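start.txt follows (compact mmCIF, N, CA and C atoms and all ligand atoms):
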```
# COMPACT_ATOMS: atom_id res chain seq x y z
N MET N 1 18.63 66.02 9.77
CA MET N 1 18.04 66.45 8.49
C MET N 1 18.40 65.45 7.39
N SER N 2 17.45 65.07 6.60
CA SER N 2 17.71 64.08 5.54
C SER N 2 18.43 64.72 4.37
N ASP N 3 19.07 63.88 3.57
CA ASP N 3 19.76 64.37 2.37
C ASP N 3 18.78 65.05 1.44
N LEU N 4 17.56 64.49 1.38
CA LEU N 4 16.56 65.02 0.46
C LEU N 4 16.17 66.44 0.84
N SER N 5 15.95 66.69 2.12
CA SER N 5 15.54 68.03 2.51
C SER N 5 16.68 69.03 2.33
N GLU N 6 17.92 68.56 2.47
CA GLU N 6 19.06 69.44 2.21
C GLU N 6 19.12 69.80 0.73
N LEU N 7 18.83 68.80 -0.10
CA LEU N 7 18.81 69.01 -1.54
C LEU N 7 17.72 70.01 -1.91
N TYR N 8 16.57 69.85 -1.29
CA TYR N 8 15.45 70.74 -1.57
C TYR N 8 15.74 72.17 -1.12
N GLN N 9 16.40 72.30 0.02
CA GLN N 9 16.74 73.64 0.51
C GLN N 9 17.71 74.32 -0.43
N ALA N 10 18.66 73.54 -0.95
CA ALA N 10 19.64 74.09 -1.89
C ALA N 10 18.94 74.52 -3.18
N LEU N 11 17.96 73.74 -3.59
CA LEU N 11 17.20 74.02 -4.81
C LEU N 11 16.43 75.35 -4.66
N ILE N 12 15.76 75.50 -3.51
CA ILE N 12 14.99 76.72 -3.26
C ILE N 12 15.91 77.94 -3.20
N LEU N 13 17.05 77.76 -2.54
CA LEU N 13 18.02 78.86 -2.43
C LEU N 13 18.55 79.27 -3.80
N ASP N 14 18.82 78.28 -4.63
CA ASP N 14 19.34 78.55 -5.97
C ASP N 14 18.33 79.33 -6.80
N HIS N 15 17.07 78.94 -6.72
CA HIS N 15 16.03 79.64 -7.48
C HIS N 15 15.75 81.03 -6.92
N LYS N 16 15.95 81.19 -5.60
CA LYS N 16 15.76 82.51 -5.00
C LYS N 16 16.87 83.46 -5.48
N GLN N 17 18.11 82.92 -5.54
CA GLN N 17 19.24 83.76 -5.92
C GLN N 17 19.29 84.02 -7.42
N HIS N 18 18.82 83.03 -8.19
CA HIS N 18 18.83 83.16 -9.65
C HIS N 18 17.46 82.80 -10.22
N PRO N 19 16.46 83.64 -9.99
CA PRO N 19 15.11 83.30 -10.47
C PRO N 19 15.07 83.17 -12.00
N ARG N 20 14.42 82.09 -12.48
CA ARG N 20 14.32 81.85 -13.93
C ARG N 20 13.09 82.58 -14.49
N HIS N 21 13.25 83.03 -15.71
CA HIS N 21 12.14 83.67 -16.44
C HIS N 21 11.59 84.89 -15.71
N PHE N 22 12.46 85.62 -14.99
CA PHE N 22 12.00 86.80 -14.28
C PHE N 22 12.18 88.05 -15.13
N SER N 23 11.19 88.30 -15.99
CA SER N 23 11.16 89.53 -16.76
C SER N 23 9.76 89.67 -17.34
N ALA N 24 9.36 90.92 -17.59
CA ALA N 24 8.05 91.15 -18.19
C ALA N 24 8.07 90.60 -19.60
N LEU N 25 6.91 90.15 -20.06
CA LEU N 25 6.82 89.54 -21.38
C LEU N 25 6.06 90.49 -22.29
N ALA N 26 6.77 91.00 -23.31
CA ALA N 26 6.15 92.00 -24.19
C ALA N 26 5.02 91.38 -25.02
N ASN N 27 5.18 90.11 -25.37
CA ASN N 27 4.20 89.46 -26.26
C ASN N 27 3.16 88.64 -25.49
N ALA N 28 2.99 88.91 -24.20
CA ALA N 28 2.04 88.13 -23.39
C ALA N 28 0.60 88.40 -23.83
N ASN N 29 -0.20 87.34 -23.87
CA ASN N 29 -1.62 87.55 -24.13
C ASN N 29 -2.47 87.25 -22.90
N ARG N 30 -1.81 86.87 -21.80
CA ARG N 30 -2.49 86.71 -20.51
C ARG N 30 -1.58 87.32 -19.45
N LYS N 31 -2.23 87.84 -18.40
CA LYS N 31 -1.45 88.51 -17.36
C LYS N 31 -2.29 88.62 -16.10
N ALA N 32 -1.69 88.46 -14.95
CA ALA N 32 -2.41 88.67 -13.69
C ALA N 32 -1.44 89.14 -12.62
N ASP N 33 -1.98 89.89 -11.68
CA ASP N 33 -1.19 90.37 -10.54
C ASP N 33 -1.54 89.55 -9.31
N GLY N 34 -0.54 89.23 -8.52
CA GLY N 34 -0.77 88.50 -7.29
C GLY N 34 -0.11 89.20 -6.12
N TYR N 35 -0.78 89.20 -4.97
CA TYR N 35 -0.26 89.89 -3.80
C TYR N 35 -0.55 89.07 -2.56
N ASN N 36 0.46 88.91 -1.74
CA ASN N 36 0.30 88.21 -0.47
C ASN N 36 0.52 89.21 0.66
N PRO N 37 -0.57 89.78 1.21
CA PRO N 37 -0.44 90.84 2.21
C PRO N 37 0.23 90.38 3.51
N PHE N 38 0.24 89.07 3.76
CA PHE N 38 0.82 88.57 5.00
C PHE N 38 2.34 88.70 5.00
N CYS N 39 2.90 88.73 3.80
CA CYS N 39 4.36 88.71 3.68
C CYS N 39 4.86 89.88 2.85
N GLY N 40 3.97 90.43 2.01
CA GLY N 40 4.37 91.53 1.14
C GLY N 40 4.84 91.07 -0.23
N ASP N 41 4.70 89.77 -0.51
CA ASP N 41 5.09 89.24 -1.82
C ASP N 41 4.15 89.81 -2.89
N ARG N 42 4.76 90.24 -4.00
CA ARG N 42 3.95 90.83 -5.06
C ARG N 42 4.55 90.45 -6.41
N PHE N 43 3.75 89.76 -7.23
CA PHE N 43 4.24 89.31 -8.54
C PHE N 43 3.21 89.56 -9.63
N THR N 44 3.71 89.84 -10.81
CA THR N 44 2.87 89.84 -12.01
C THR N 44 3.33 88.67 -12.86
N VAL N 45 2.38 87.85 -13.28
CA VAL N 45 2.72 86.71 -14.13
C VAL N 45 2.20 86.98 -15.54
N TYR N 46 3.10 86.92 -16.51
CA TYR N 46 2.78 87.12 -17.93
C TYR N 46 2.85 85.78 -18.63
N VAL N 47 1.88 85.50 -19.46
CA VAL N 47 1.90 84.25 -20.20
C VAL N 47 1.55 84.50 -21.65
N ASP N 48 2.25 83.81 -22.53
CA ASP N 48 1.89 83.81 -23.93
C ASP N 48 1.36 82.42 -24.25
N VAL N 49 0.05 82.33 -24.44
CA VAL N 49 -0.58 81.05 -24.73
C VAL N 49 -0.85 80.95 -26.22
N GLU N 50 -0.29 79.93 -26.84
CA GLU N 50 -0.51 79.69 -28.27
C GLU N 50 -0.97 78.25 -28.46
N ASN N 51 -2.08 78.07 -29.16
CA ASN N 51 -2.62 76.73 -29.42
C ASN N 51 -2.75 75.89 -28.14
N GLY N 52 -3.20 76.55 -27.07
CA GLY N 52 -3.45 75.83 -25.83
C GLY N 52 -2.20 75.44 -25.06
N GLU N 53 -1.05 76.01 -25.45
CA GLU N 53 0.19 75.70 -24.73
C GLU N 53 0.88 76.97 -24.23
N ILE N 54 1.63 76.79 -23.14
CA ILE N 54 2.40 77.90 -22.58
C ILE N 54 3.64 78.08 -23.45
N GLU N 55 3.55 79.00 -24.39
CA GLU N 55 4.64 79.25 -25.32
C GLU N 55 5.77 80.01 -24.62
N ASP N 56 5.38 80.92 -23.74
CA ASP N 56 6.38 81.70 -23.01
C ASP N 56 5.76 82.18 -21.70
N ILE N 57 6.62 82.42 -20.71
CA ILE N 57 6.14 82.90 -19.41
C ILE N 57 7.17 83.87 -18.83
N GLY N 58 6.69 84.87 -18.15
CA GLY N 58 7.57 85.82 -17.49
C GLY N 58 6.97 86.23 -16.16
N VAL N 59 7.85 86.45 -15.17
CA VAL N 59 7.38 86.87 -13.86
C VAL N 59 8.11 88.16 -13.50
N GLU N 60 7.37 89.09 -12.93
CA GLU N 60 7.96 90.35 -12.51
C GLU N 60 7.50 90.62 -11.09
N GLY N 61 8.39 91.11 -10.26
CA GLY N 61 7.99 91.45 -8.91
C GLY N 61 9.01 91.05 -7.89
N GLU N 62 8.59 91.15 -6.63
CA GLU N 62 9.50 90.86 -5.54
C GLU N 62 8.79 90.14 -4.42
N GLY N 63 9.52 89.29 -3.75
CA GLY N 63 8.94 88.59 -2.61
C GLY N 63 10.03 87.93 -1.79
N CYS N 64 9.60 87.19 -0.80
CA CYS N 64 10.54 86.49 0.07
C CYS N 64 11.18 85.32 -0.69
N ALA N 65 12.09 84.63 -0.04
CA ALA N 65 12.80 83.51 -0.67
C ALA N 65 11.83 82.44 -1.16
N ILE N 66 10.86 82.10 -0.32
CA ILE N 66 9.92 81.02 -0.68
C ILE N 66 9.08 81.41 -1.89
N SER N 67 8.51 82.62 -1.87
CA SER N 67 7.62 83.01 -2.97
C SER N 67 8.40 83.21 -4.27
N THR N 68 9.61 83.74 -4.17
CA THR N 68 10.44 83.95 -5.36
C THR N 68 10.86 82.61 -5.96
N ALA N 69 11.32 81.70 -5.12
CA ALA N 69 11.74 80.39 -5.59
C ALA N 69 10.56 79.63 -6.18
N SER N 70 9.42 79.75 -5.56
CA SER N 70 8.22 79.06 -6.05
C SER N 70 7.83 79.59 -7.43
N ALA N 71 7.88 80.92 -7.60
CA ALA N 71 7.53 81.53 -8.89
C ALA N 71 8.52 81.08 -9.96
N SER N 72 9.79 81.04 -9.61
CA SER N 72 10.83 80.64 -10.55
C SER N 72 10.67 79.18 -10.97
N MET N 73 10.45 78.31 -10.00
CA MET N 73 10.30 76.88 -10.30
C MET N 73 9.00 76.61 -11.04
N MET N 74 7.98 77.40 -10.73
CA MET N 74 6.71 77.27 -11.45
C MET N 74 6.90 77.62 -12.92
N ALA N 75 7.61 78.71 -13.18
CA ALA N 75 7.83 79.15 -14.56
C ALA N 75 8.56 78.07 -15.35
N GLU N 76 9.58 77.48 -14.74
CA GLU N 76 10.31 76.40 -15.41
C GLU N 76 9.42 75.21 -15.67
N GLU N 77 8.59 74.89 -14.67
CA GLU N 77 7.74 73.71 -14.75
C GLU N 77 6.69 73.81 -15.86
N VAL N 78 6.08 74.98 -16.01
CA VAL N 78 4.92 75.08 -16.90
C VAL N 78 5.28 75.44 -18.35
N LEU N 79 6.48 75.96 -18.56
CA LEU N 79 6.88 76.36 -19.91
C LEU N 79 6.77 75.19 -20.88
N GLY N 80 6.05 75.38 -21.95
CA GLY N 80 5.92 74.34 -22.97
C GLY N 80 4.80 73.35 -22.71
N LYS N 81 4.17 73.45 -21.54
CA LYS N 81 3.09 72.51 -21.22
C LYS N 81 1.73 73.06 -21.70
N SER N 82 0.77 72.16 -21.84
CA SER N 82 -0.57 72.60 -22.22
C SER N 82 -1.24 73.24 -21.01
N VAL N 83 -2.21 74.11 -21.29
CA VAL N 83 -2.95 74.79 -20.22
C VAL N 83 -3.61 73.74 -19.32
N GLU N 84 -4.11 72.67 -19.91
CA GLU N 84 -4.74 71.59 -19.11
C GLU N 84 -3.75 70.97 -18.13
N GLU N 85 -2.56 70.66 -18.63
CA GLU N 85 -1.52 70.07 -17.77
C GLU N 85 -1.16 71.03 -16.64
N VAL N 86 -1.07 72.30 -16.97
CA VAL N 86 -0.68 73.30 -15.99
C VAL N 86 -1.73 73.44 -14.89
N GLU N 87 -2.99 73.41 -15.29
CA GLU N 87 -4.08 73.49 -14.32
C GLU N 87 -4.06 72.26 -13.40
N GLU N 88 -3.71 71.12 -13.98
CA GLU N 88 -3.61 69.88 -13.21
C GLU N 88 -2.48 70.00 -12.19
N ARG N 89 -1.34 70.55 -12.64
CA ARG N 89 -0.18 70.73 -11.77
C ARG N 89 -0.52 71.70 -10.64
N PHE N 90 -1.25 72.76 -10.98
CA PHE N 90 -1.69 73.75 -10.00
C PHE N 90 -2.52 73.06 -8.90
N GLU N 91 -3.44 72.19 -9.31
CA GLU N 91 -4.29 71.46 -8.36
C GLU N 91 -3.44 70.55 -7.48
N GLN N 92 -2.48 69.85 -8.08
CA GLN N 92 -1.61 68.94 -7.33
C GLN N 92 -0.78 69.71 -6.31
N PHE N 93 -0.25 70.84 -6.76
CA PHE N 93 0.59 71.66 -5.88
C PHE N 93 -0.23 72.17 -4.69
N ARG N 94 -1.43 72.66 -5.02
CA ARG N 94 -2.31 73.19 -3.98
C ARG N 94 -2.68 72.10 -2.98
N ARG N 95 -2.95 70.90 -3.51
CA ARG N 95 -3.33 69.79 -2.65
C ARG N 95 -2.17 69.41 -1.74
N MET N 96 -0.95 69.40 -2.32
CA MET N 96 0.22 69.06 -1.52
C MET N 96 0.40 70.08 -0.38
N MET N 97 0.25 71.36 -0.70
CA MET N 97 0.47 72.39 0.31
C MET N 97 -0.60 72.36 1.40
N ALA N 98 -1.77 71.81 1.08
CA ALA N 98 -2.87 71.76 2.04
C ALA N 98 -2.90 70.44 2.80
N ASP N 99 -2.04 69.50 2.39
CA ASP N 99 -2.07 68.16 2.95
C ASP N 99 -1.23 68.08 4.21
N THR N 100 -1.88 68.14 5.36
CA THR N 100 -1.13 68.11 6.61
C THR N 100 -0.74 66.69 7.01
N ALA N 101 -1.41 65.71 6.44
CA ALA N 101 -1.12 64.32 6.79
C ALA N 101 0.17 63.85 6.11
N ASP N 102 0.48 64.46 4.99
CA ASP N 102 1.71 64.14 4.27
C ASP N 102 1.81 62.65 3.93
N ASP N 103 0.74 62.07 3.46
CA ASP N 103 0.79 60.65 3.14
C ASP N 103 0.50 60.39 1.66
N ALA N 104 0.37 61.45 0.90
CA ALA N 104 0.06 61.27 -0.52
C ALA N 104 1.34 61.11 -1.33
N ASP N 105 1.18 60.66 -2.54
CA ASP N 105 2.31 60.52 -3.46
C ASP N 105 2.29 61.72 -4.41
N TYR N 106 3.35 62.50 -4.36
CA TYR N 106 3.40 63.70 -5.19
C TYR N 106 4.36 63.52 -6.35
N GLY N 107 4.52 62.30 -6.79
CA GLY N 107 5.48 61.97 -7.83
C GLY N 107 5.47 62.91 -9.02
N ALA N 108 4.27 63.27 -9.47
CA ALA N 108 4.15 64.09 -10.67
C ALA N 108 4.71 65.49 -10.46
N LEU N 109 4.84 65.91 -9.22
CA LEU N 109 5.31 67.27 -8.96
C LEU N 109 6.84 67.39 -9.06
N GLY N 110 7.53 66.27 -9.00
CA GLY N 110 8.99 66.32 -9.15
C GLY N 110 9.64 67.25 -8.14
N ASP N 111 10.47 68.17 -8.64
CA ASP N 111 11.20 69.08 -7.76
C ASP N 111 10.28 70.02 -6.98
N LEU N 112 9.07 70.19 -7.46
CA LEU N 112 8.14 71.09 -6.76
C LEU N 112 7.84 70.57 -5.36
N GLU N 113 8.15 69.30 -5.15
CA GLU N 113 7.95 68.71 -3.83
C GLU N 113 8.86 69.37 -2.79
N ALA N 114 9.83 70.12 -3.27
CA ALA N 114 10.72 70.86 -2.36
C ALA N 114 9.92 71.74 -1.40
N PHE N 115 8.74 72.16 -1.83
CA PHE N 115 7.96 73.09 -1.02
C PHE N 115 7.12 72.40 0.05
N ALA N 116 7.12 71.07 0.03
CA ALA N 116 6.35 70.34 1.05
C ALA N 116 6.86 70.70 2.45
N GLY N 117 8.16 70.96 2.57
CA GLY N 117 8.75 71.31 3.86
C GLY N 117 8.22 72.62 4.42
N VAL N 118 7.70 73.47 3.53
CA VAL N 118 7.19 74.79 3.93
C VAL N 118 5.94 74.64 4.80
N ARG N 119 5.26 73.49 4.67
CA ARG N 119 4.01 73.30 5.42
C ARG N 119 4.23 73.33 6.94
N ARG N 120 5.47 73.14 7.36
CA ARG N 120 5.75 73.23 8.79
C ARG N 120 5.63 74.67 9.29
N PHE N 121 5.60 75.60 8.33
CA PHE N 121 5.47 77.02 8.68
C PHE N 121 4.20 77.55 8.00
N PRO N 122 3.04 77.36 8.65
CA PRO N 122 1.75 77.63 7.99
C PRO N 122 1.64 79.01 7.36
N THR N 123 2.25 80.03 7.94
CA THR N 123 2.11 81.37 7.36
C THR N 123 2.84 81.47 6.03
N ARG N 124 3.80 80.56 5.79
CA ARG N 124 4.58 80.63 4.55
C ARG N 124 3.94 79.86 3.40
N ILE N 125 2.89 79.10 3.71
CA ILE N 125 2.21 78.33 2.66
C ILE N 125 1.67 79.27 1.59
N LYS N 126 1.17 80.43 2.03
CA LYS N 126 0.65 81.42 1.08
C LYS N 126 1.77 81.92 0.16
N CYS N 127 2.97 82.00 0.70
CA CYS N 127 4.12 82.44 -0.11
C CYS N 127 4.37 81.44 -1.24
N ALA N 128 4.31 80.16 -0.90
CA ALA N 128 4.57 79.11 -1.89
C ALA N 128 3.46 79.05 -2.93
N ASN N 129 2.24 79.33 -2.51
CA ASN N 129 1.08 79.21 -3.41
C ASN N 129 0.88 80.43 -4.31
N LEU N 130 1.41 81.57 -3.92
CA LEU N 130 1.06 82.84 -4.59
C LEU N 130 1.24 82.81 -6.12
N ALA N 131 2.41 82.40 -6.58
CA ALA N 131 2.67 82.43 -8.02
C ALA N 131 1.69 81.51 -8.77
N TRP N 132 1.39 80.37 -8.16
CA TRP N 132 0.47 79.42 -8.81
C TRP N 132 -0.93 79.99 -8.92
N HIS N 133 -1.39 80.64 -7.84
CA HIS N 133 -2.71 81.27 -7.88
C HIS N 133 -2.74 82.38 -8.95
N THR N 134 -1.64 83.10 -9.05
CA THR N 134 -1.56 84.19 -10.01
C THR N 134 -1.55 83.66 -11.43
N LEU N 135 -0.80 82.59 -11.66
CA LEU N 135 -0.80 81.96 -12.98
C LEU N 135 -2.19 81.44 -13.33
N HIS N 136 -2.83 80.81 -12.36
CA HIS N 136 -4.18 80.29 -12.58
C HIS N 136 -5.13 81.43 -12.98
N ALA N 137 -5.00 82.55 -12.30
CA ALA N 137 -5.83 83.71 -12.62
C ALA N 137 -5.56 84.20 -14.04
N ALA N 138 -4.30 84.23 -14.42
CA ALA N 138 -3.95 84.68 -15.77
C ALA N 138 -4.54 83.73 -16.82
N LEU N 139 -4.47 82.43 -16.55
CA LEU N 139 -4.94 81.45 -17.52
C LEU N 139 -6.46 81.42 -17.62
N THR N 140 -7.13 81.78 -16.53
CA THR N 140 -8.59 81.77 -16.56
C THR N 140 -9.14 83.18 -16.81
N ASN N 141 -8.22 84.09 -17.15
CA ASN N 141 -8.62 85.46 -17.51
C ASN N 141 -9.43 86.16 -16.43
N GLN N 142 -9.05 85.95 -15.18
CA GLN N 142 -9.71 86.70 -14.12
C GLN N 142 -9.22 88.13 -14.17
N GLU N 143 -10.17 89.04 -14.12
CA GLU N 143 -9.84 90.46 -14.30
C GLU N 143 -9.18 91.04 -13.06
N THR N 144 -9.64 90.63 -11.91
CA THR N 144 -9.17 91.26 -10.68
C THR N 144 -7.83 90.72 -10.22
N ALA N 145 -7.11 91.51 -9.47
CA ALA N 145 -5.84 91.08 -8.92
C ALA N 145 -6.08 90.00 -7.88
N VAL N 146 -5.18 89.05 -7.82
CA VAL N 146 -5.30 87.94 -6.88
C VAL N 146 -4.68 88.33 -5.56
N SER N 147 -5.37 88.01 -4.48
CA SER N 147 -4.78 88.19 -3.17
C SER N 147 -4.93 86.89 -2.41
N THR N 148 -3.89 86.50 -1.68
CA THR N 148 -3.98 85.25 -0.92
C THR N 148 -4.90 85.42 0.28
N GLU N 149 -5.42 86.63 0.49
CA GLU N 149 -6.34 86.87 1.59
C GLU N 149 -7.69 86.21 1.30
N ASP N 150 -8.00 86.01 0.02
CA ASP N 150 -9.30 85.43 -0.35
C ASP N 150 -9.43 84.00 0.16
ZN ZN W 201 6.53 85.41 1.37
```
Starting from the file, give its structure as structure tokens.
Ligand code: ZN
Amino acid sequence: MSDLSELYQALILDHKQHPRHFSALANANRKADGYNPFCGDRFTVYVDVENGEIEDIGVEGEGCAISTASASMMAEEVLGKSVEEVEERFEQFRRMMADTADDADYGALGDLEAFAGVRRFPTRIKCANLAWHTLHAALTNQETAVSTED
């Protein structure tokens, strides 16, 4: 096992044990529910968008280590960023998780690259993607709850 993958595992474990920004947001002006029926992960993502930027974010819910860590790291990553930047990051993350060749450069994703290792376990990819899909739904004001079954 490489030093990098050990570092990434420690990072995921830390975020699972101490999820950041895990609380409902009273002042949220966007919100979406996400559910991954394959694993039972269930999260609500609250966002306060002001002047096109993520002013505040909160996540509520429960899931496995991968989905919880992904939601926590996503919240840290997007806080303070513009909605455009966040949508770009969402696309990059999704592309990384779908990339079986693993030959792309994910430099912009930084620590989020920790989840690249999850691709070895295809059923867990949905766990890693759930929070991002839910955030995307909240930002695009989709009314219906998000399910990774779609
Ligand atoms: Zn899961």
* Pick from N:Arg42, N:Ala108, N:Asn27, N:Arg95 nearest to Ser67 (chain N), counting all atoms listed in the file -> N:Arg42
Sorted by chain and rising residue number, list the residues of chain N at most 5 Å from ligand ZN 201 (chain W) (counting only N, CA and C atoms and all ligand atoms), each with its closest atom pair and distance in Å to one decimal, as CSV.
```
residue,atom,partner,partner_atom,distance
N:Cys39,CA,W:ZN201,ZN,4.6
N:Cys64,N,W:ZN201,ZN,4.2
N:Ser67,N,W:ZN201,ZN,4.7
N:Cys127,CA,W:ZN201,ZN,4.1
```
* Asked: Counting only N, CA and C atoms, which residues come within 8 Å of (13.3, 79.5, -7.9), with the point read in the file's coordinates, and could you list them as a list in words?
  ->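 Within the cut-off we find Leu11, Ile12, Leu13, Asp14, His15, Lys16, Gln17, His18, Pro19, Arg20, Ala65, Ile66, Ser67, Thr68, Ala69, Ser70, Ala71, Ser72, Met73, Met74 and Ala75 of chain N.
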* What is the distance between CA of Arg120 (chain N) and atom N of Glu6 (chain N), in Å to one decimal? ->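 Spanning CA of Arg120 (chain N) to atom N of Glu6 (chain N) is a straight-line distance of 14.5 Å.
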* To do: Quote the spacing between atom N of Ser147 (chain N) and atom C of His133 (chain N) in Å to one decimal place.
  => 7.7 Å
* Asked: Using the chain letters and numbers from this document, which residues of region 8-126 of chain N does DSSP assign to strand (DSSP E), as an MDAnalysis selection string?
  -> chainID N and resid 30:36 41:50 53:62
Could you save the residues just selected, with N, CA and C atoms, as a PDB file, keeping the file's coordinate frame?
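Writing the result to again34.pdb gives the following:
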```pdb
ATOM      1  N   ARG N  30      -1.810  86.870 -21.800  1.00  0.00           N
ATOM      2  CA  ARG N  30      -2.490  86.710 -20.510  1.00  0.00           C
ATOM      3  C   ARG N  30      -1.580  87.320 -19.450  1.00  0.00           C
ATOM      4  N   LYS N  31      -2.230  87.840 -18.400  1.00  0.00           N
ATOM      5  CA  LYS N  31      -1.450  88.510 -17.360  1.00  0.00           C
ATOM      6  C   LYS N  31      -2.290  88.620 -16.100  1.00  0.00           C
ATOM      7  N   ALA N  32      -1.690  88.460 -14.950  1.00  0.00           N
ATOM      8  CA  ALA N  32      -2.410  88.670 -13.690  1.00  0.00           C
ATOM      9  C   ALA N  32      -1.440  89.140 -12.620  1.00  0.00           C
ATOM     10  N   ASP N  33      -1.980  89.890 -11.680  1.00  0.00           N
ATOM     11  CA  ASP N  33      -1.190  90.370 -10.540  1.00  0.00           C
ATOM     12  C   ASP N  33      -1.540  89.550  -9.310  1.00  0.00           C
ATOM     13  N   GLY N  34      -0.540  89.230  -8.520  1.00  0.00           N
ATOM     14  CA  GLY N  34      -0.770  88.500  -7.290  1.00  0.00           C
ATOM     15  C   GLY N  34      -0.110  89.200  -6.120  1.00  0.00           C
ATOM     16  N   TYR N  35      -0.780  89.200  -4.970  1.00  0.00           N
ATOM     17  CA  TYR N  35      -0.260  89.890  -3.800  1.00  0.00           C
ATOM     18  C   TYR N  35      -0.550  89.070  -2.560  1.00  0.00           C
ATOM     19  N   ASN N  36       0.460  88.910  -1.740  1.00  0.00           N
ATOM     20  CA  ASN N  36       0.300  88.210  -0.470  1.00  0.00           C
ATOM     21  C   ASN N  36       0.520  89.210   0.660  1.00  0.00           C
ATOM     22  N   ASP N  41       4.700  89.770  -0.510  1.00  0.00           N
ATOM     23  CA  ASP N  41       5.090  89.240  -1.820  1.00  0.00           C
ATOM     24  C   ASP N  41       4.150  89.810  -2.890  1.00  0.00           C
ATOM     25  N   ARG N  42       4.760  90.240  -4.000  1.00  0.00           N
ATOM     26  CA  ARG N  42       3.950  90.830  -5.060  1.00  0.00           C
ATOM     27  C   ARG N  42       4.550  90.450  -6.410  1.00  0.00           C
ATOM     28  N   PHE N  43       3.750  89.760  -7.230  1.00  0.00           N
ATOM     29  CA  PHE N  43       4.240  89.310  -8.540  1.00  0.00           C
ATOM     30  C   PHE N  43       3.210  89.560  -9.630  1.00  0.00           C
ATOM     31  N   THR N  44       3.710  89.840 -10.810  1.00  0.00           N
ATOM     32  CA  THR N  44       2.870  89.840 -12.010  1.00  0.00           C
ATOM     33  C   THR N  44       3.330  88.670 -12.860  1.00  0.00           C
ATOM     34  N   VAL N  45       2.380  87.850 -13.280  1.00  0.00           N
ATOM     35  CA  VAL N  45       2.720  86.710 -14.130  1.00  0.00           C
ATOM     36  C   VAL N  45       2.200  86.980 -15.540  1.00  0.00           C
ATOM     37  N   TYR N  46       3.100  86.920 -16.510  1.00  0.00           N
ATOM     38  CA  TYR N  46       2.780  87.120 -17.930  1.00  0.00           C
ATOM     39  C   TYR N  46       2.850  85.780 -18.630  1.00  0.00           C
ATOM     40  N   VAL N  47       1.880  85.500 -19.460  1.00  0.00           N
ATOM     41  CA  VAL N  47       1.900  84.250 -20.200  1.00  0.00           C
ATOM     42  C   VAL N  47       1.550  84.500 -21.650  1.00  0.00           C
ATOM     43  N   ASP N  48       2.250  83.810 -22.530  1.00  0.00           N
ATOM     44  CA  ASP N  48       1.890  83.810 -23.930  1.00  0.00           C
ATOM     45  C   ASP N  48       1.360  82.420 -24.250  1.00  0.00           C
ATOM     46  N   VAL N  49       0.050  82.330 -24.440  1.00  0.00           N
ATOM     47  CA  VAL N  49      -0.580  81.050 -24.730  1.00  0.00           C
ATOM     48  C   VAL N  49      -0.850  80.950 -26.220  1.00  0.00           C
ATOM     49  N   GLU N  50      -0.290  79.930 -26.840  1.00  0.00           N
ATOM     50  CA  GLU N  50      -0.510  79.690 -28.270  1.00  0.00           C
ATOM     51  C   GLU N  50      -0.970  78.250 -28.460  1.00  0.00           C
ATOM     52  N   GLU N  53      -1.050  76.010 -25.450  1.00  0.00           N
ATOM     53  CA  GLU N  53       0.190  75.700 -24.730  1.00  0.00           C
ATOM     54  C   GLU N  53       0.880  76.970 -24.230  1.00  0.00           C
ATOM     55  N   ILE N  54       1.630  76.790 -23.140  1.00  0.00           N
ATOM     56  CA  ILE N  54       2.400  77.900 -22.580  1.00  0.00           C
ATOM     57  C   ILE N  54       3.640  78.080 -23.450  1.00  0.00           C
ATOM     58  N   GLU N  55       3.550  79.000 -24.390  1.00  0.00           N
ATOM     59  CA  GLU N  55       4.640  79.250 -25.320  1.00  0.00           C
ATOM     60  C   GLU N  55       5.770  80.010 -24.620  1.00  0.00           C
ATOM     61  N   ASP N  56       5.380  80.920 -23.740  1.00  0.00           N
ATOM     62  CA  ASP N  56       6.380  81.700 -23.010  1.00  0.00           C
ATOM     63  C   ASP N  56       5.760  82.180 -21.700  1.00  0.00           C
ATOM     64  N   ILE N  57       6.620  82.420 -20.710  1.00  0.00           N
ATOM     65  CA  ILE N  57       6.140  82.900 -19.410  1.00  0.00           C
ATOM     66  C   ILE N  57       7.170  83.870 -18.830  1.00  0.00           C
ATOM     67  N   GLY N  58       6.690  84.870 -18.150  1.00  0.00           N
ATOM     68  CA  GLY N  58       7.570  85.820 -17.490  1.00  0.00           C
ATOM     69  C   GLY N  58       6.970  86.230 -16.160  1.00  0.00           C
ATOM     70  N   VAL N  59       7.850  86.450 -15.170  1.00  0.00           N
ATOM     71  CA  VAL N  59       7.380  86.870 -13.860  1.00  0.00           C
ATOM     72  C   VAL N  59       8.110  88.160 -13.500  1.00  0.00           C
ATOM     73  N   GLU N  60       7.370  89.090 -12.930  1.00  0.00           N
ATOM     74  CA  GLU N  60       7.960  90.350 -12.510  1.00  0.00           C
ATOM     75  C   GLU N  60       7.500  90.620 -11.090  1.00  0.00           C
ATOM     76  N   GLY N  61       8.390  91.110 -10.260  1.00  0.00           N
ATOM     77  CA  GLY N  61       7.990  91.450  -8.910  1.00  0.00           C
ATOM     78  C   GLY N  61       9.010  91.050  -7.890  1.00  0.00           C
ATOM     79  N   GLU N  62       8.590  91.150  -6.630  1.00  0.00           N
ATOM     80  CA  GLU N  62       9.500  90.860  -5.540  1.00  0.00           C
ATOM     81  C   GLU N  62       8.790  90.140  -4.420  1.00  0.00           C
TER      82      GLU N  62
END
```
* Name the residues in contact with region 23-25 of chain N at a cut-off of 5 Å, using only N, CA and C atoms, excluding same-chain residues fewer than 2 positions from it; report them as a ChimeraX atom specification. => /N:21,27-28,58-60
* To do: Please identify all polymer residues within 7 Å of Asp41 (chain N), counting all atoms listed in the file, omitting same-chain residues fewer than 2 positions from it, and present them as a PyMOL selection string.
  => chain N and resi 34-39+43+62-64+67
* **One-decimal distance in Å that lies between CA of Leu139 (chain N) and CA of Lys81 (chain N)** => 12.6 Å
* What residues in region 42-127 of chain N get the DSSP label helix (DSSP H, G or I)? Please answer as a PyMOL selection string. -> chain N and resi 65-78+83-98+107-120+122-127
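Nearest residue to Gly61 (chain N), choosing from N:Thr140, N:Thr44, N:Asn129, N:Thr134 and counting only C-alpha atoms: N:Thr44.
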